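Content type compact mmCIF, C-alpha atoms, from the file entry19.txt:
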# COMPACT_ATOMS: atom_id res chain seq x y z
CA MET A 74 81.12 108.06 134.95
CA ALA A 75 84.58 108.83 133.57
CA ASN A 76 87.52 107.15 135.28
CA ILE A 77 89.28 109.92 137.19
CA GLY A 78 93.04 109.82 136.66
CA VAL A 79 92.96 107.58 133.57
CA VAL A 80 95.20 109.06 130.88
CA THR A 81 93.38 109.07 127.52
CA THR A 82 95.71 111.26 125.45
CA ALA A 83 99.45 111.73 125.02
CA THR A 84 101.77 114.28 123.47
CA ASN A 85 102.69 113.26 119.94
CA ASN A 86 105.57 115.14 118.35
CA GLN A 87 105.66 114.92 114.56
CA VAL A 88 108.18 115.68 111.79
CA VAL A 89 106.28 117.93 109.38
CA LEU A 90 107.03 119.13 105.84
CA ARG A 91 107.35 122.93 105.77
CA ASN A 92 107.92 123.45 102.03
CA TYR A 93 108.04 121.45 98.83
CA VAL A 94 111.66 120.88 97.87
CA SER A 95 113.55 121.78 94.71
CA GLY A 96 117.23 120.85 94.57
CA PHE A 97 118.96 119.63 97.72
CA PRO A 98 116.64 119.45 100.75
CA LYS A 99 117.52 121.40 103.90
CA GLU A 100 116.78 120.68 107.54
CA SER A 101 114.62 123.81 107.54
CA ASP A 102 112.27 122.12 105.03
CA LEU A 103 111.14 120.00 107.99
CA TYR A 104 110.12 120.97 111.51
CA ILE A 105 108.92 119.35 114.74
CA ALA A 106 105.26 120.00 115.59
CA PRO A 107 103.74 119.02 118.96
CA THR A 108 100.25 117.47 118.80
CA THR A 109 98.20 115.09 120.93
CA VAL A 110 96.93 111.61 120.19
CA ASP A 111 94.06 109.59 121.65
CA LEU A 112 95.37 106.47 123.36
CA ARG A 113 92.30 104.48 122.37
CA VAL A 114 91.20 103.66 118.82
CA PRO A 115 87.46 103.71 118.03
CA PRO A 116 85.65 100.36 118.34
CA GLY A 117 84.98 98.87 114.94
CA SER A 118 87.71 100.91 113.25
CA MET A 119 90.06 97.95 112.60
CA ALA A 120 92.84 100.41 113.46
CA VAL A 121 95.92 100.01 115.65
CA LEU A 122 97.59 102.72 117.72
CA VAL A 123 101.32 102.08 117.71
CA LYS A 124 104.23 103.61 119.55
CA ASN A 125 107.07 104.15 117.07
CA LEU A 126 110.43 102.79 118.19
CA TYR A 127 112.62 103.20 115.10
CA LEU A 128 112.15 105.14 111.86
CA SER A 129 113.97 104.32 108.65
CA CYS A 130 115.71 107.12 106.72
CA ASP A 131 115.25 106.28 103.04
CA PRO A 132 116.45 108.14 99.90
CA PHE A 133 113.01 107.67 98.34
CA SER A 134 111.67 110.24 100.81
CA ARG A 135 113.37 112.95 98.73
CA ILE A 136 111.09 112.19 95.77
CA ARG A 137 108.05 112.51 98.02
CA MET A 138 109.16 116.00 99.11
CA GLU A 139 108.66 117.44 95.63
CA LYS A 140 105.61 119.40 94.59
CA PRO A 141 103.26 116.87 92.99
CA ASP A 142 102.66 117.01 89.24
CA PRO A 143 98.86 117.28 88.75
CA SER A 144 99.13 115.39 85.46
CA SER A 145 100.65 112.37 87.22
CA PRO A 146 98.29 110.43 89.55
CA ALA A 147 101.29 108.53 90.92
CA SER A 148 103.08 111.78 91.79
CA VAL A 149 100.00 113.13 93.58
CA ALA A 150 99.51 109.88 95.51
CA LEU A 151 103.14 109.65 96.64
CA ALA A 152 103.80 113.27 97.56
CA TYR A 153 103.92 114.45 101.14
CA SER A 154 101.56 117.28 102.08
CA ILE A 155 102.80 120.63 103.37
CA GLY A 156 101.91 121.03 107.03
CA LYS A 157 101.45 117.27 107.52
CA PRO A 158 103.83 114.70 109.02
CA ILE A 159 106.02 112.81 106.59
CA SER A 160 105.87 109.01 106.60
CA GLY A 161 107.96 105.98 105.80
CA TYR A 162 108.90 102.60 107.24
CA GLY A 163 109.47 101.98 110.90
CA VAL A 164 109.40 99.54 113.79
CA ALA A 165 106.56 99.99 116.28
CA LYS A 166 104.71 98.45 119.22
CA ALA A 167 100.93 98.09 119.34
CA ILE A 168 99.46 100.13 122.20
CA ASP A 169 95.73 99.77 121.48
CA SER A 170 94.35 97.47 118.79
CA ASP A 171 90.95 96.99 117.21
CA HIS A 172 92.43 94.72 114.53
CA PRO A 173 91.94 90.93 114.80
CA ASN A 174 95.50 90.16 113.73
CA TYR A 175 97.20 92.44 116.25
CA LYS A 176 96.98 92.51 120.02
CA ASN A 177 98.33 95.06 122.46
CA GLY A 178 102.06 94.59 122.89
CA ASP A 179 102.69 93.09 119.45
CA LEU A 180 105.76 94.33 117.59
CA LEU A 181 105.59 95.12 113.90
CA TRP A 182 107.35 96.89 111.07
CA GLY A 183 105.82 98.72 108.15
CA ARG A 184 104.45 102.08 107.10
CA VAL A 185 104.11 104.64 109.88
CA GLY A 186 104.23 108.40 110.29
CA TRP A 187 107.33 110.23 111.41
CA GLU A 188 105.92 110.82 114.87
CA GLU A 189 105.93 109.31 118.34
CA TYR A 190 102.60 107.53 117.87
CA SER A 191 100.78 106.51 114.68
CA VAL A 192 97.29 105.17 114.01
CA ILE A 193 97.60 102.56 111.27
CA SER A 194 95.24 100.32 109.32
CA PRO A 195 97.38 97.20 108.84
CA THR A 196 97.32 95.25 105.57
CA PRO A 197 99.41 92.23 104.53
CA SER A 198 101.28 94.42 102.03
CA SER A 199 102.04 97.32 104.37
CA HIS A 200 102.71 95.88 107.83
CA PHE A 201 104.47 92.77 109.12
CA LYS A 202 104.28 91.29 112.59
CA ILE A 203 107.72 90.71 114.12
CA HIS A 204 108.10 87.13 115.28
CA HIS A 205 111.89 86.98 115.66
CA THR A 206 112.99 89.13 118.59
CA ASP A 207 116.35 87.44 119.23
CA VAL A 208 117.91 89.95 116.83
CA PRO A 209 118.01 93.74 117.27
CA LEU A 210 114.60 95.31 116.55
CA SER A 211 116.37 98.09 114.65
CA PHE A 212 117.35 95.51 112.01
CA TYR A 213 113.73 95.57 110.79
CA THR A 214 114.39 99.04 109.37
CA GLY A 215 117.31 97.68 107.36
CA LEU A 216 118.79 94.20 107.27
CA LEU A 217 115.44 92.48 107.93
CA GLY A 218 113.27 95.13 106.29
CA ILE A 219 112.99 96.87 102.92
CA PRO A 220 116.77 97.32 102.36
CA GLY A 221 117.47 93.65 103.10
CA LEU A 222 114.68 92.43 100.85
CA THR A 223 115.91 94.82 98.15
CA ALA A 224 119.43 93.40 98.31
CA TYR A 225 118.15 89.81 98.30
CA VAL A 226 115.69 90.18 95.43
CA GLY A 227 117.95 92.37 93.32
CA PHE A 228 120.98 90.16 93.63
CA TYR A 229 119.58 86.64 93.69
CA GLU A 230 116.33 86.95 91.76
CA ILE A 231 117.18 89.61 89.17
CA CYS A 232 120.94 89.22 88.70
CA SER A 233 121.08 85.40 89.02
CA PRO A 234 124.76 85.30 90.07
CA LYS A 235 127.12 82.50 89.12
CA ASN A 236 130.26 81.42 90.93
CA GLY A 237 133.28 83.34 89.70
CA GLU A 238 131.40 86.30 88.21
CA THR A 239 132.40 89.92 88.79
CA VAL A 240 130.09 92.26 90.70
CA PHE A 241 130.14 96.04 91.13
CA VAL A 242 128.03 97.84 93.74
CA SER A 243 127.63 101.63 93.92
CA ALA A 244 126.77 103.34 97.22
CA ALA A 245 128.22 100.14 98.60
CA SER A 246 128.36 101.06 102.29
CA GLY A 247 124.69 102.05 102.49
CA ALA A 248 121.68 100.17 103.78
CA VAL A 249 121.44 97.96 100.67
CA GLY A 250 124.98 97.93 99.32
CA GLN A 251 126.65 96.52 102.42
CA LEU A 252 124.42 93.44 102.11
CA VAL A 253 124.81 93.00 98.34
CA GLY A 254 128.57 92.78 98.78
CA GLN A 255 128.25 90.06 101.40
CA PHE A 256 125.70 88.14 99.31
CA ALA A 257 128.12 88.34 96.36
CA LYS A 258 130.92 86.80 98.39
CA MET A 259 128.57 84.02 99.56
CA ALA A 260 127.85 83.30 95.88
CA GLY A 261 131.57 83.00 95.09
CA CYS A 262 131.82 86.26 93.17
CA TYR A 263 134.55 88.90 92.95
CA VAL A 264 133.00 92.13 94.26
CA VAL A 265 134.07 95.77 94.22
CA GLY A 266 132.22 98.73 95.72
CA SER A 267 132.32 102.50 95.49
CA ALA A 268 131.69 104.92 98.35
CA SER A 269 132.11 108.60 99.18
CA SER A 270 134.90 108.63 101.78
CA LYS A 271 138.04 106.83 102.88
CA GLU A 272 136.26 105.71 106.05
CA LYS A 273 133.54 104.02 104.01
CA VAL A 274 136.01 102.46 101.58
CA ASP A 275 137.93 100.97 104.52
CA LEU A 276 134.66 99.65 105.94
CA LEU A 277 133.87 97.89 102.66
CA LYS A 278 137.18 96.07 102.64
CA THR A 279 137.62 95.32 106.34
CA LYS A 280 134.07 94.70 107.56
CA PHE A 281 131.88 93.75 104.59
CA GLY A 282 134.36 91.53 102.75
CA TYR A 283 134.62 93.48 99.49
CA ASP A 284 137.61 92.39 97.39
CA ASP A 285 138.32 96.00 96.47
CA ALA A 286 136.73 99.44 96.77
CA PHE A 287 137.34 103.04 95.73
CA ASN A 288 136.28 106.55 96.69
CA TYR A 289 134.49 107.87 93.62
CA LYS A 290 135.13 111.47 94.71
CA GLU A 291 138.86 110.90 94.24
CA GLU A 292 138.54 109.41 90.76
CA HIS A 293 138.78 111.85 87.85
CA ASP A 294 137.81 109.13 85.37
CA LEU A 295 135.21 106.68 86.67
CA SER A 296 135.47 104.45 83.62
CA ALA A 297 139.23 104.13 84.12
CA ALA A 298 138.70 103.32 87.81
CA LEU A 299 136.31 100.53 86.88
CA LYS A 300 138.66 99.20 84.22
CA ARG A 301 141.42 99.12 86.85
CA CYS A 302 139.20 97.07 89.17
CA PHE A 303 137.64 94.92 86.44
CA PRO A 304 140.17 94.42 83.62
CA GLU A 305 137.93 91.69 82.15
CA GLY A 306 134.70 93.64 82.65
CA ILE A 307 131.66 93.55 84.96
CA ASP A 308 129.08 90.75 84.93
CA ILE A 309 126.68 92.23 87.49
CA TYR A 310 126.05 95.84 88.49
CA PHE A 311 123.84 96.66 91.48
CA GLU A 312 122.70 100.19 90.70
CA ASN A 313 122.05 102.66 93.50
CA VAL A 314 123.44 105.88 92.03
CA GLY A 315 122.72 106.57 88.34
CA GLY A 316 124.19 109.43 86.30
CA LYS A 317 127.92 109.45 85.57
CA MET A 318 128.49 106.20 87.45
CA LEU A 319 125.91 104.34 85.36
CA ASP A 320 127.49 105.75 82.20
CA ALA A 321 130.93 104.52 83.27
CA VAL A 322 129.59 101.09 84.21
CA LEU A 323 127.93 100.62 80.82
CA GLU A 324 131.34 101.08 79.18
CA ASN A 325 132.76 98.30 81.33
CA MET A 326 129.98 95.71 81.28
CA ARG A 327 130.62 92.26 79.84
CA THR A 328 128.44 90.64 77.21
CA HIS A 329 125.20 89.32 78.71
CA GLY A 330 125.76 91.34 81.88
CA ARG A 331 122.91 92.13 84.25
CA ILE A 332 122.04 95.41 85.95
CA ALA A 333 119.57 95.56 88.86
CA ALA A 334 118.47 99.15 89.45
CA CYS A 335 116.84 99.92 92.79
CA GLY A 336 117.75 103.60 93.09
CA MET A 337 119.57 106.56 91.52
CA ILE A 338 120.35 108.82 94.45
CA SER A 339 122.68 111.09 92.45
CA GLN A 340 119.68 112.28 90.42
CA TYR A 341 117.10 112.98 93.12
CA ASN A 342 118.24 116.53 93.87
CA LEU A 343 118.89 117.68 90.29
CA LYS A 344 116.45 119.96 88.51
CA GLU A 345 117.54 118.40 85.22
CA PRO A 346 118.66 114.74 85.27
CA GLU A 347 122.09 113.90 83.87
CA ALA A 348 122.21 112.34 80.42
CA VAL A 349 123.48 108.78 80.04
CA HIS A 350 125.50 108.49 76.82
CA ASN A 351 126.42 104.80 76.62
CA LEU A 352 122.96 103.27 76.33
CA ALA A 353 123.83 101.67 72.98
CA THR A 354 126.08 99.29 74.93
CA ILE A 355 122.93 97.61 76.25
CA VAL A 356 122.19 96.47 72.69
CA TYR A 357 125.73 95.68 71.55
CA LYS A 358 126.52 93.59 74.63
CA ARG A 359 122.98 92.22 75.16
CA ILE A 360 122.86 93.61 78.70
CA ARG A 361 119.70 93.08 80.76
CA VAL A 362 118.70 96.13 82.81
CA GLN A 363 115.81 95.81 85.25
CA GLY A 364 114.43 98.39 87.62
CA PHE A 365 112.54 97.04 90.62
CA ALA A 366 110.98 97.93 93.95
CA ALA A 367 111.03 95.64 96.98
CA VAL A 368 107.33 96.24 97.63
CA GLU A 369 106.55 94.12 94.56
CA PHE A 370 108.33 91.18 96.19
CA PHE A 371 106.71 91.06 99.62
CA TYR A 372 105.48 87.58 98.73
CA LYS A 373 109.13 86.49 99.00
CA TYR A 374 109.65 88.04 102.44
CA SER A 375 109.26 84.75 104.35
CA LYS A 376 111.72 83.06 102.01
CA PHE A 377 114.13 85.94 102.53
CA LEU A 378 113.91 85.63 106.33
CA ASP A 379 114.48 81.87 106.14
CA PHE A 380 117.62 82.56 104.11
CA VAL A 381 119.12 85.45 106.05
CA LEU A 382 118.25 84.84 109.72
CA PRO A 383 120.58 81.84 110.19
CA TYR A 384 123.50 83.91 108.85
CA VAL A 385 122.60 86.78 111.19
CA ARG A 386 122.36 84.51 114.23
CA GLU A 387 125.67 82.84 113.40
CA GLY A 388 127.39 86.21 112.97
CA LYS A 389 128.12 85.49 109.31
CA ILE A 390 126.45 88.70 108.12
CA THR A 391 127.62 92.07 109.35
CA TYR A 392 125.30 95.07 109.37
CA VAL A 393 126.36 98.58 110.32
CA GLU A 394 123.77 101.10 111.51
CA ASP A 395 124.02 104.86 111.98
CA ILE A 396 121.44 105.63 114.66
CA ALA A 397 120.27 109.16 115.43
CA GLN A 398 118.83 109.48 118.92
CA GLY A 399 115.43 111.13 119.33
CA LEU A 400 112.74 112.28 116.91
CA GLU A 401 114.08 115.83 117.17
CA ASN A 402 117.19 114.66 115.33
CA GLY A 403 115.17 113.00 112.58
CA PRO A 404 115.32 115.90 110.10
CA SER A 405 119.12 116.19 110.25
CA ALA A 406 119.52 112.40 109.92
CA LEU A 407 117.24 112.23 106.88
CA ILE A 408 118.79 115.24 105.12
CA GLY A 409 122.27 113.92 105.88
CA LEU A 410 121.60 110.97 103.57
CA PHE A 411 121.84 113.27 100.55
CA HIS A 412 125.22 114.57 101.63
CA GLY A 413 126.74 111.16 102.39
CA LYS A 414 126.98 111.86 106.11
CA ASN A 415 125.71 108.46 107.20
CA VAL A 416 127.95 105.45 107.67
CA GLY A 417 125.80 102.36 107.16
CA LYS A 418 122.03 102.21 107.49
CA GLN A 419 120.65 105.53 108.74
CA LEU A 420 117.75 105.34 111.17
CA VAL A 421 116.21 107.26 114.04
CA GLU A 422 115.58 105.78 117.47
CA VAL A 423 112.35 107.39 118.68
CA ALA A 424 111.84 105.35 121.85
CA ARG A 425 112.97 102.19 123.61
CA GLU A 426 110.47 99.32 123.73
Would you write out, as structure tokens, the structure that this file holds?
Amino acid sequence: MANIGVVTTATNNQVVLRNYVSGFPKESDLYIAPTTVDLRVPPGSMAVLVKNLYLSCDPFSRIRMEKPDPSSPASVALAYSIGKPISGYGVAKAIDSDHPNYKNGDLLWGRVGWEEYSVISPTPSSHFKIHHTDVPLSFYTGLLGIPGLTAYVGFYEICSPKNGETVFVSAASGAVGQLVGQFAKMAGCYVVGSASSKEKVDLLKTKFGYDDAFNYKEEHDLSAALKRCFPEGIDIYFENVGGKMLDAVLENMRTHGRIAACGMISQYNLKEPEAVHNLATIVYKRIRVQGFAAVEFFYKYSKFLDFVLPYVREGKITYVEDIAQGLENGPSALIGLFHGKNVGKQLVEVARE
């Protein structure tokens, strides 16, 4: 006999893709759809029902909003589906688990849907149990999640900094850039960042310890701005932007410089990507350019936590978050990324634990 009064389903609001996107995305390309979810996962499914607490707003989502190219298996696999909820990284709490490694009440971060509840099939490369709860849970969308690992791997593993070197970071006040600047200072480097507003430039210099910073929107000649900041040239460039900024950086790199490229947000909304004209500099100055994705370095995640957590606990690393309240504000928060509206790491608080 069924248990009278036992709740077996719940309302599950979702952020759904309305249209494939060309050019700059709009809030109207996404909408909130009410659905229901079973509060029990099927026995033997190895699945976990989670309640989403925080969702990470990531520039890479823009690429997934495009109509997939049938000739590219990767494009088809990555693309969101019209009429289906979008997905990304988030922090969640296990509500009902049929997985041996997760019990009800466990906290985790990893891939989830943009919705109030998600049913996930955890793997070691897609979900991570949260063991350290003496720091804000929201940090696992940023400082202690993909952005933090990106900053750590890109700077320390790929760029191999040396004391006294010069470092330039574009999109420096964002989820990744604010950490790269602080890592650079820890390594004894001279670091300069670029950002899109006076508020963000001030943040770089007063809160994140950057030696200097500039608003790229106010610079008519980016190469001249970089030469002003780096009269002897740039040893390390942490690339988040692409396009005209990358072109200007190449003109100002020093011999044997290193460029770690984790994103090119200036190009995501263009129908035709901007040309880069100074590529020959890579040869003349023997510059090493390496693109990378944090997901390829999950095997270093434990090492990263061992490195960064003591600094966080001692207050030696600062991390600024821009938190939108409620799933209903998720679309505006995500789209705002592409207009520079966020200050710090943009995320959405869906629910309190």
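Distances to Phe241 (chain A) were evaluated for A:His204, A:Arg91, A:Lys124, A:Lys300 using only C-alpha atoms, and the minimum falls at A:Lys300.
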Show me, as JSON, numbers by chain, the residues that have an atom within 8 Å of Tyr190 (chain A) when counting all atoms listed in the file, minus same-chain residues fewer than 6 positions from it. {"A": [85, 110, 122, 123, 124, 125]}
Who sits within 9 Å of Tyr225 (chain A), only C-alpha atoms, same chain under 4 positions skipped, as a ChimeraX atom specification: /A:220-221,229-230,252-253,256,377,381
With C-alpha atoms retained, could you export that selection as a JSON list (two decimals), keeping the file's coordinate frame?
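Final file, part12.json:
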[["chain", "number", "residue", "atom", "x", "y", "z"],
["A", 220, "PRO", "CA", 116.77, 97.32, 102.36],
["A", 221, "GLY", "CA", 117.47, 93.65, 103.10],
["A", 229, "TYR", "CA", 119.58, 86.64, 93.69],
["A", 230, "GLU", "CA", 116.33, 86.95, 91.76],
["A", 252, "LEU", "CA", 124.42, 93.44, 102.11],
["A", 253, "VAL", "CA", 124.81, 93.00, 98.34],
["A", 256, "PHE", "CA", 125.70, 88.14, 99.31],
["A", 377, "PHE", "CA", 114.13, 85.94, 102.53],
["A", 381, "VAL", "CA", 119.12, 85.45, 106.05]]
Extract, using only C-alpha atoms, all DNA, RNA and protein residues at most 10 Å from Leu151 (chain A), discarding same-chain residues fewer than 5 positions from it, and format them as a PyMOL selection string. chain A and resi 134+136-139+141+146
Need to verify the contact set: region 210-214 of chain A, 8 Å, only C-alpha atoms, exclusion of same-chain residues closer than 4 positions in sequence. Can you return it as a list in words?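 Using only C-alpha atoms, the neighbours found are Tyr127, Leu128, Ser129, Tyr162, Gly163, Val164, Trp182, Thr206, Gly218, Ile219, Pro220 and Leu420 of chain A.
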Can you pull out the residues contacting Leu299 (chain A)? Cut-off 8 Å, using only C-alpha atoms, and skip same-chain residues under 5 positions away; I want them as a VMD selection string. chain A and resid 304 321 to 322 325
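For the pair CA of Asn313 (chain A) and CA of Ser375 (chain A), the separation is 24.5 Å.
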Save region 413-424 of chain A from what I just supplied, as a compact mmCIF listing (two decimals), in the first residue's frame, atoms limited to all heavy atoms.
# COMPACT_ATOMS: atom_id res chain seq x y z
N GLY A 413 30.27 42.19 -20.01
CA GLY A 413 31.14 42.68 -18.95
C GLY A 413 30.43 43.21 -17.74
O GLY A 413 30.97 44.02 -16.98
N LYS A 414 29.19 42.75 -17.50
CA LYS A 414 28.42 43.29 -16.38
C LYS A 414 28.87 42.74 -15.03
O LYS A 414 28.65 43.37 -14.00
CB LYS A 414 26.93 42.99 -16.60
CG LYS A 414 26.31 43.76 -17.76
CD LYS A 414 24.81 43.47 -17.88
CE LYS A 414 24.19 44.26 -19.02
NZ LYS A 414 22.73 43.99 -19.15
N ASN A 415 29.46 41.57 -15.03
CA ASN A 415 29.86 40.96 -13.77
C ASN A 415 31.13 41.59 -13.22
O ASN A 415 32.00 42.04 -13.96
CB ASN A 415 30.09 39.45 -13.95
CG ASN A 415 31.17 39.15 -14.97
OD1 ASN A 415 31.06 39.53 -16.13
ND2 ASN A 415 32.22 38.47 -14.54
N VAL A 416 31.21 41.62 -11.90
CA VAL A 416 32.44 42.03 -11.21
C VAL A 416 32.89 40.84 -10.39
O VAL A 416 32.30 40.49 -9.37
CB VAL A 416 32.19 43.25 -10.30
CG1 VAL A 416 33.47 43.62 -9.56
CG2 VAL A 416 31.69 44.43 -11.12
N GLY A 417 33.94 40.15 -10.85
CA GLY A 417 34.38 38.93 -10.20
C GLY A 417 33.70 37.72 -10.81
O GLY A 417 33.14 37.76 -11.90
N LYS A 418 33.75 36.61 -10.09
CA LYS A 418 33.18 35.35 -10.56
C LYS A 418 31.65 35.41 -10.54
O LYS A 418 31.04 35.60 -9.49
CB LYS A 418 33.68 34.21 -9.66
CG LYS A 418 32.91 32.89 -9.82
CD LYS A 418 33.02 32.34 -11.22
CE LYS A 418 32.11 31.13 -11.39
NZ LYS A 418 32.09 30.66 -12.80
N GLN A 419 31.04 35.23 -11.70
CA GLN A 419 29.57 35.25 -11.78
C GLN A 419 29.00 33.86 -11.50
O GLN A 419 29.42 32.87 -12.08
CB GLN A 419 29.11 35.71 -13.17
CG GLN A 419 27.60 35.82 -13.31
CD GLN A 419 27.03 36.98 -12.53
OE1 GLN A 419 27.28 38.13 -12.81
NE2 GLN A 419 26.25 36.66 -11.49
N LEU A 420 28.04 33.81 -10.59
CA LEU A 420 27.37 32.55 -10.30
C LEU A 420 25.92 32.84 -9.90
O LEU A 420 25.53 33.99 -9.69
CB LEU A 420 28.09 31.76 -9.21
CG LEU A 420 28.18 32.39 -7.82
CD1 LEU A 420 27.99 31.32 -6.76
CD2 LEU A 420 29.54 33.04 -7.64
N VAL A 421 25.15 31.77 -9.81
CA VAL A 421 23.75 31.88 -9.45
C VAL A 421 23.50 31.05 -8.19
O VAL A 421 23.88 29.86 -8.15
CB VAL A 421 22.82 31.37 -10.58
CG1 VAL A 421 21.35 31.47 -10.16
CG2 VAL A 421 23.08 32.14 -11.87
N GLU A 422 22.94 31.66 -7.18
CA GLU A 422 22.54 30.89 -5.99
C GLU A 422 21.11 30.40 -6.21
O GLU A 422 20.16 31.18 -6.30
CB GLU A 422 22.60 31.76 -4.74
CG GLU A 422 22.25 30.97 -3.48
CD GLU A 422 22.36 31.80 -2.21
OE1 GLU A 422 22.92 32.90 -2.24
OE2 GLU A 422 21.87 31.32 -1.17
N VAL A 423 20.97 29.08 -6.33
CA VAL A 423 19.67 28.47 -6.59
C VAL A 423 18.92 28.20 -5.28
O VAL A 423 17.73 28.40 -5.16
CB VAL A 423 19.83 27.15 -7.37
CG1 VAL A 423 18.46 26.53 -7.67
CG2 VAL A 423 20.59 27.41 -8.67
N ALA A 424 19.66 27.73 -4.28
CA ALA A 424 19.06 27.39 -2.99
C ALA A 424 20.13 27.39 -1.91
O ALA A 424 21.32 27.22 -2.20
CB ALA A 424 18.38 26.03 -3.04
